[in-house]
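K.L.:
Structure in structure tokens, see below.
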Amino acid sequence: MRFLLDAEQREFARSLDGLLTSSDTPAAVRSWAAGDHAPGRAVWARLAEAGVFALAVPERHDGLGPLPLDIAVAFTELGRHAVPGPLVETVAAAALLDRLGDPDAAAAHLPCIASGKTVATLCLTALGPYVLDADAADTVLVVDGDVLRAGARPGPVQPSADPARRLSRPSSGGTVLTQGPAVASAAAHAADVAALATAAQSLGLGRALLDRTVEYVKQRTQFGVPVGSFQAVKHRLADTLIALEFAEPLVHGAALALAADSPEAGRDVAAAKVTAGEAAHRAARTALQLHGAVGYTDELDLSLWIRKARPLRDAWGSPAACRARVLAA
């Protein structure tokens, strides 16, 4: 299969790139890590106006979707600009609520998610005990077995490799929205949507790291010449580029499989997630090495991207779990 984004999708990506370039996302990331959510919520509102969250919400609930491929396009740009917040969890929550078969729960939450009025976060206890950015979310959803609860209070924020990923354990409280086999089925679908969006974020993050590193090695000199002219540096950058180039069609293919409700969608999502996550992690290691000692400094904006690579690689399906899922299929 040969697949390319169409003109409208490419223009959508360019518009998001322009929007986020003008939004000073590094300042928003630093504020978010410090517990100040106002700059991040301002970026969130602009993304909502652009229709990003509506892509995960069906038209009957004031959305545009669900459109997995457009979600992948959008989240690649969100990763490229290191936008903070429970972005993945919000679209996953929308996918969960859409698949529940509970019209009341869907009507209560989905229109607000589509419009950006509600920042949602989601914890599937089968995949891990933590919930992301519960302190910033308007709605915290927790799926424990076949029970869906809303409004669980978060515990203290836990340390994270990325200070802007604020993790906490949800309490056992909250209101039971619904329960039964439909919850487990909807949660499995939501996990696939989350893994796809995270893979796309990783892809965008890796491309941003590579672009910044290429520009840096053109300027940094040793022995009177740019370090980018050294063959070993060229090979390292080429390997990083190849890894990202191989990941992109897997991300798009997984999005197409989800859109078609293909039986192989879970396998394809897992393959995309592990490939994009490992490519972004490689890009982060390359960026750190080729920037030299300056790459370790908090003051350099590059550190905001480097610190996201490993958490994104492990979120919503670790490399080992994704490989096991591919092999099992």
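As shown in the structure tokens, the chain order sets the letters A, B, ...; within each chain, residues go from 1, and ligands are also counted from 1 in the order they appear.
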I'd like the contact shell of Ala243 in chain A - 8 Å cut-off, only C-alpha atoms, skipping same-chain residues fewer than 6 positions apart - returned as JSON, numbers by chain.
P.N.:
{"A": [275, 276, 279]}
K.L.:
Can you tell me, as a ChimeraX atom specification, what residues are no more than 8 Å from range 281-292 of chain A when counting only C-alpha atoms, ignoring any on the same chain fewer than 6 positions away?
P.N.:
/A:206-207,209-210,212-213,216-217,233,236-237,240,305-306,309-310,313
K.L.:
Skip Gly228 in chain A itself and residues of its chain fewer than 4 positions away, then list as a short mmCIF file (atom, residue, chain, number, x, y, z; two decimals) with all heavy atoms, in the first residue's frame all residues within 9 Å of it, counting only C-alpha atoms.
P.N.:
```
data_model
loop_
_atom_site.label_atom_id
_atom_site.label_comp_id
_atom_site.auth_asym_id
_atom_site.auth_seq_id
_atom_site.Cartn_x
_atom_site.Cartn_y
_atom_site.Cartn_z
N VAL A 214 20.35 18.96 13.76
CA VAL A 214 20.97 19.25 12.46
C VAL A 214 21.39 20.71 12.40
O VAL A 214 22.51 21.04 11.95
CB VAL A 214 20.00 18.90 11.31
CG1 VAL A 214 20.51 19.46 9.99
CG2 VAL A 214 19.83 17.39 11.20
N GLU A 215 20.53 21.61 12.84
CA GLU A 215 20.87 23.03 12.82
C GLU A 215 22.06 23.31 13.74
O GLU A 215 22.94 24.11 13.41
CB GLU A 215 19.67 23.87 13.25
CG GLU A 215 18.56 23.93 12.21
CD GLU A 215 19.07 24.44 10.87
OE1 GLU A 215 19.76 25.49 10.85
OE2 GLU A 215 18.80 23.77 9.85
N TYR A 216 22.11 22.63 14.89
CA TYR A 216 23.19 22.88 15.84
C TYR A 216 24.54 22.42 15.30
O TYR A 216 25.54 23.13 15.42
CB TYR A 216 22.89 22.19 17.16
CG TYR A 216 23.93 22.43 18.22
CD1 TYR A 216 24.02 23.66 18.88
CD2 TYR A 216 24.86 21.44 18.56
CE1 TYR A 216 24.98 23.90 19.85
CE2 TYR A 216 25.83 21.68 19.52
CZ TYR A 216 25.88 22.91 20.16
OH TYR A 216 26.85 23.13 21.11
N VAL A 217 24.59 21.24 14.69
CA VAL A 217 25.89 20.73 14.22
C VAL A 217 26.38 21.49 13.00
O VAL A 217 27.57 21.39 12.65
CB VAL A 217 25.82 19.21 13.91
CG1 VAL A 217 25.48 18.42 15.15
CG2 VAL A 217 24.86 18.90 12.77
N LYS A 218 25.53 22.27 12.37
CA LYS A 218 26.00 23.17 11.30
C LYS A 218 26.74 24.37 11.87
O LYS A 218 27.59 24.97 11.20
CB LYS A 218 24.81 23.66 10.47
CG LYS A 218 24.13 22.62 9.60
CD LYS A 218 22.94 23.24 8.88
CE LYS A 218 22.22 22.23 8.02
NZ LYS A 218 21.02 22.84 7.36
N GLN A 219 26.40 24.72 13.13
CA GLN A 219 26.97 25.93 13.74
C GLN A 219 28.15 25.62 14.67
O GLN A 219 29.08 26.42 14.76
CB GLN A 219 25.88 26.65 14.55
CG GLN A 219 24.68 27.09 13.71
CD GLN A 219 23.51 27.49 14.58
OE1 GLN A 219 23.65 27.71 15.78
NE2 GLN A 219 22.33 27.60 13.97
N ARG A 220 28.10 24.49 15.35
CA ARG A 220 29.17 24.14 16.29
C ARG A 220 30.40 23.69 15.51
O ARG A 220 30.30 22.87 14.59
CB ARG A 220 28.68 23.03 17.22
CG ARG A 220 29.73 22.59 18.24
CD ARG A 220 29.22 21.40 19.04
NE ARG A 220 30.27 20.83 19.85
CZ ARG A 220 30.21 19.64 20.44
NH1 ARG A 220 29.11 18.89 20.27
NH2 ARG A 220 31.20 19.19 21.17
N THR A 221 31.56 24.20 15.90
CA THR A 221 32.79 23.87 15.16
C THR A 221 33.81 23.19 16.06
O THR A 221 33.85 23.42 17.28
CB THR A 221 33.42 25.13 14.55
OG1 THR A 221 33.74 26.05 15.61
CG2 THR A 221 32.48 25.79 13.56
N ALA A 232 31.14 10.50 11.23
CA ALA A 232 30.46 9.81 12.33
C ALA A 232 29.18 10.55 12.73
O ALA A 232 28.16 9.93 13.05
CB ALA A 232 31.39 9.69 13.53
N VAL A 233 29.22 11.88 12.70
CA VAL A 233 28.04 12.67 13.02
C VAL A 233 26.98 12.49 11.95
O VAL A 233 25.78 12.32 12.25
CB VAL A 233 28.42 14.16 13.18
CG1 VAL A 233 27.16 15.03 13.31
CG2 VAL A 233 29.33 14.35 14.39
N LYS A 234 27.40 12.50 10.69
CA LYS A 234 26.46 12.30 9.59
C LYS A 234 25.76 10.94 9.70
O LYS A 234 24.55 10.83 9.49
CB LYS A 234 27.18 12.40 8.24
CG LYS A 234 27.67 13.78 7.87
CD LYS A 234 28.37 13.75 6.52
CE LYS A 234 28.88 15.10 6.12
NZ LYS A 234 29.57 15.06 4.79
#
```
K.L.:
Counting only C-alpha atoms, which residue out of A:Ala95, A:Val73, A:Ala257, A:Val119 sits closest to Trp44 in chain A?
P.N.:
A:Val119
K.L.:
So what do you get for CA of Ala27 in chain A versus CA of Pro39 in chain A, distance-wise?
P.N.:
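It comes out at 7.7 Å.
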K.L.:
For the structure I just gave you, how does DSSP split range 127-187 of chain A - specifically, which residues are helix (DSSP H, G or I)? Reply as a ChimeraX atom specification.
P.N.:
/A:181-187
